[in-house]
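Colleague: Next up is a structure, given as structure tokens.
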Amino acid sequence: MSLEPARDARRLKVGLLIASALCAGVLVLAVARASQPEYLRFQKQLAGRIPDPQGPIEVTGCDGEVDRCMSCHLAVERAGFEKEPLPLRTHSISLAAHPPKRFGCAICHGGEPRALDAKTAHGADPRMKGPHLEASCGACHVPQAGKGMDHLEQGARLFIELGCGTCHPLSGRGGWDFGSDLRAIGRKSPAYLEKVLLDPTSVLPGATMPSFQGTLAQDEQMLTDLVVFLGSLALPRSADCQMRTRSGGLVEQPCTRCHRQGVKEQDGAWHRCGYLKDRAGELRCGNCHSSESPIPATESDCPNVRSRRASCAVCHGRAGEGVR
Amino acid sequence: MSELGGQAEESPALRLRRSFVYHLHPLKVTERALRFTTTFGLGLATLVLFLALLVTGVLLTAYYVPSVEQARASVLDLQHVVRFGAFVRALHRWAAHGMVAAIFLHLLRVFFTGAWARRNLNWLIGLLLLALTLGLAFTGYLLPWDQLSYWAVRVATGLFDQIPLLGSVLRRLAVGGSEIGQAALIRFYALHVALLPLASVALVALHLWRLRKDGGLARPDEDAPTVNAWPHLIQREAIWMLLVLAAFGLLAALVDAPLGPAPDFHSPSNPEKAPWYFLGLQELVSYSGPMGGFVFPLVLLAMLLTAPRLDDRQAPGGVWLAGSGARFRVGGALAIAILGLAGIELTHIMMRGQGGFGGVLAEIFNPVGAMLLLAGVLGVGTGVLSRSRRAGLSAGIGTLLIGLVLATTLGACRGPGWGLYWPWEVWPVVP
């Protein structure tokens, strides 16, 4: 086969033209995609009903995290949008105590607040909506019934009633040395936590942890509540993480990150250890130890008590009289 | 102006062509060089992707912050509020994967056509460029600082530990300490944006210059019909480069580069995998640390480096599988290699958890040892039968390369607990 130079040169010119056109087409496509961010659609829908937003809306939360959620969730703080579809709806509960301009949204809802597309921003964060959202309350507040955190409150109660803290330390406090510290357990997914509670050895082969199937499987609500409380442990913005305040540059008490000076205990800001300290009397050896239990039933049989290693009594005194 | 004479009247395009483009190729090239199937355009694809990576990389440095606190946030900002940031990042990411794939395929093409024969220096430069490309891809992998990148780099730098004596020193040198943190990030960043690209640019120039000096593409016959390089070769190359760019541009415009959650330094995902181009090594390490992580790569590297010196220089360069005399034997050997390697892997998968040797014996009698043995037998056998060292090298090294590809495929199918899962299978919930 031999090449006809003139014919080949013509074909190459056409080829160059097509290839260049393809490149140009790709560039046009890229430009078109970049000029149509998702939030613009929502901003256009509300045009005229809210002040013209023009571009991404950005706040910096009290934790210093940049939050762009309100680029799409345009009406969270506005009355009169209660009937609109998401994301244009008014926030379902009053935001007066937690103005998004100071807190941002992700401090409660989690997710990826810098992102501007729903898929990335919402991610798979269980706190985005539903009962697991209440895990976020626990990062700052004492769990209290009737304050919009019933799941969390019930979960905290279950944590104590089931004796989780008897084996598991929290940030190094309490527990036995064979239970892993639960200070960071909130990072695990609810699905994983449920699986561990119902059938520990299926995911942690050789675990000494007993199955809580008997207690928790009868009542799905109980399981969810406990997982909500576990999910609240060591959230990134929990009270035991100290951060610099943006204004002064000094390391201050974490409470003042969210609560302006002058607003104190009535806001319900708390120290998590304080919660367990107040309820310590409810942690009883009998939560784990019973006549059926393989764990030694009486104190004198218990090697952990004899060797004065971690047990209920180490923290709470032999008669449960108090915390060391 | 006057002393430039006639040149002043040339259009800028013509001047560029005369002063630069015409120097890349001789004025006349063979018709064989025009055929796509001669090279599959793999070297050129590598080059154009490298150029795209340089341009997009420079743009990315304008926004990326190499600090553990801000790296991921800066990538998120780039992705979401910088106009065209997502496109530039996606193009950089996909072109990087494409370049690693293209350069490896380029290596396979050059190797199996014997184009390295009598071209020792350029073959070495090419291998160095492969190493630099892997280094660039690997250092870039860490920069987004998400769960995937952090743990992949931790796993991959852990492979250093398989190197006797020097392993931990090398790892500390790469990582800047015992843990992957700010020191590692800034080292990887400096390597990624300065040292490795500079070295690559210099070596690419050298590679192309040597190619020209060595007489262009390796070819068996000297008196083939020739045509003018312009426009027949050079415009073909331009079309191919534009097509590659368009393909990767389209991919970048349609598919964003992923960014995972922030790294959790205490709990790796399960399974935790190295980047795909090191996945083959990770798979081999899972059979045996020292054999898979040290002996196998060392043997492969040593064979690749010394191939041009071991060659008997009988067969011409530029023909597939060591030329007509040995083609059937080499092809047959490689077919046996594929069956044999698959057999080794299958045996290993079936035998897993059924006892076997322990201790030192286990480090020798394992799939990696069997692969090396198979490569040796096939290489020597083919070489002796064909009376051609080229044929032996092609069969032996070819077996190792196929083994690596096979291991990479298996590694891609690994799931929780390093178990094997079909790509469509759903993984069980694990810690």
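Chain labels follow the order of the structure tokens: the first chain is A, the next B, and so on; residue numbering restarts at 1 in every chain, and ligands are counted from 1 in their shown order.
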Show me which bits of chain A are within 9 Å of chain B, counting only C-alpha atoms, as a PyMOL selection string.

Modeller: chain A and resi 2-3+5+8-9+12-13+15-20+22-27+29-31+33-35+37+56+66+112+114-117+120+187-188+191-192+195-196+202-204

Colleague: Write out as an NGL selection string which residues come within 6 Å of segment 283-286 of chain B when counting only C-alpha atoms, dropping same-chain ones fewer than 6 positions away.

Modeller: :B and (292-293 or 407 or 411)

Colleague: Generate a file of the selected residues that holds all heavy atoms, formatted as a compact mmCIF listing (two decimals), in the first residue's frame.

Modeller:
```txt
# COMPACT_ATOMS: atom_id res chain seq x y z
N GLY B 292 6.67 -10.73 47.92
CA GLY B 292 5.84 -9.87 47.09
C GLY B 292 6.28 -8.42 47.12
O GLY B 292 6.20 -7.71 46.13
N GLY B 293 6.74 -7.97 48.30
CA GLY B 293 7.07 -6.55 48.44
C GLY B 293 8.51 -6.23 48.11
O GLY B 293 8.86 -5.07 47.93
N ALA B 407 -2.40 -9.85 39.36
CA ALA B 407 -2.47 -9.53 40.79
C ALA B 407 -3.24 -8.23 41.01
O ALA B 407 -4.01 -8.10 41.98
CB ALA B 407 -1.07 -9.42 41.37
N GLY B 411 -6.46 -7.81 43.22
CA GLY B 411 -6.47 -6.80 44.28
C GLY B 411 -7.71 -5.92 44.18
O GLY B 411 -8.28 -5.51 45.19
```

Colleague: Which residues come within 12 Å of Gly110 of chain A, counting only C-alpha atoms, excluding same-chain residues fewer than 5 positions away, as a ChimeraX atom specification?

Modeller: /A:65,67,69,103-105,115,120-129,132-137,139,187,231-232,235-237 /B:261

Colleague: When you draw a straight line from atom CA of Met209 of chain A to atom CA of Gln221 of chain A, how long is it in Å?

Modeller: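 A separation of 21.5 Å between them.
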
Colleague: Residues at most 9 Å from segment 182-184 of chain B, counting only C-alpha atoms, excluding those fewer than 3 positions away in the same chain, as a count of residues only?

Modeller: 13

Colleague: Within 7 Å of segment 300-315 of chain B, counting only C-alpha atoms, which residues show up once you throw out same-chain ones fewer than 5 positions away? Write them as a list in words, please.

Modeller: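 The residues satisfying every condition are Trp116, Ala117, Arg118, Asn120, Leu124, Ala322, Gly323, Arg389, Arg390, Leu393, Ile397 and Leu400 of chain B.
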
Colleague: Based on the backbone DSSP call, show me all residues of segment 66-218 of chain B assigned helix (DSSP H, G or I), as a count of residues only.

Modeller: 118

Colleague: What does the distance between atom CA of Thr61 of chain B and atom CA of Leu206 of chain B come to in Å, to one decimal place?

Modeller: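 Atom-to-atom, atom CA of Thr61 of chain B to atom CA of Leu206 of chain B, that is 26.6 Å.
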
Colleague: Using only C-alpha atoms, which residue out of A:Arg10, A:Arg183, A:His109, A:Lys44 lies closest to Leu88 of chain A?

Modeller: A:Lys44

Colleague: One decimal, Å: what's the distance from atom CA of Phe50 of chain B over to atom CA of Ala152 of chain B, could you say?

Modeller: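 So the two atoms, atom CA of Phe50 of chain B and atom CA of Ala152 of chain B, lie 23.1 Å apart.
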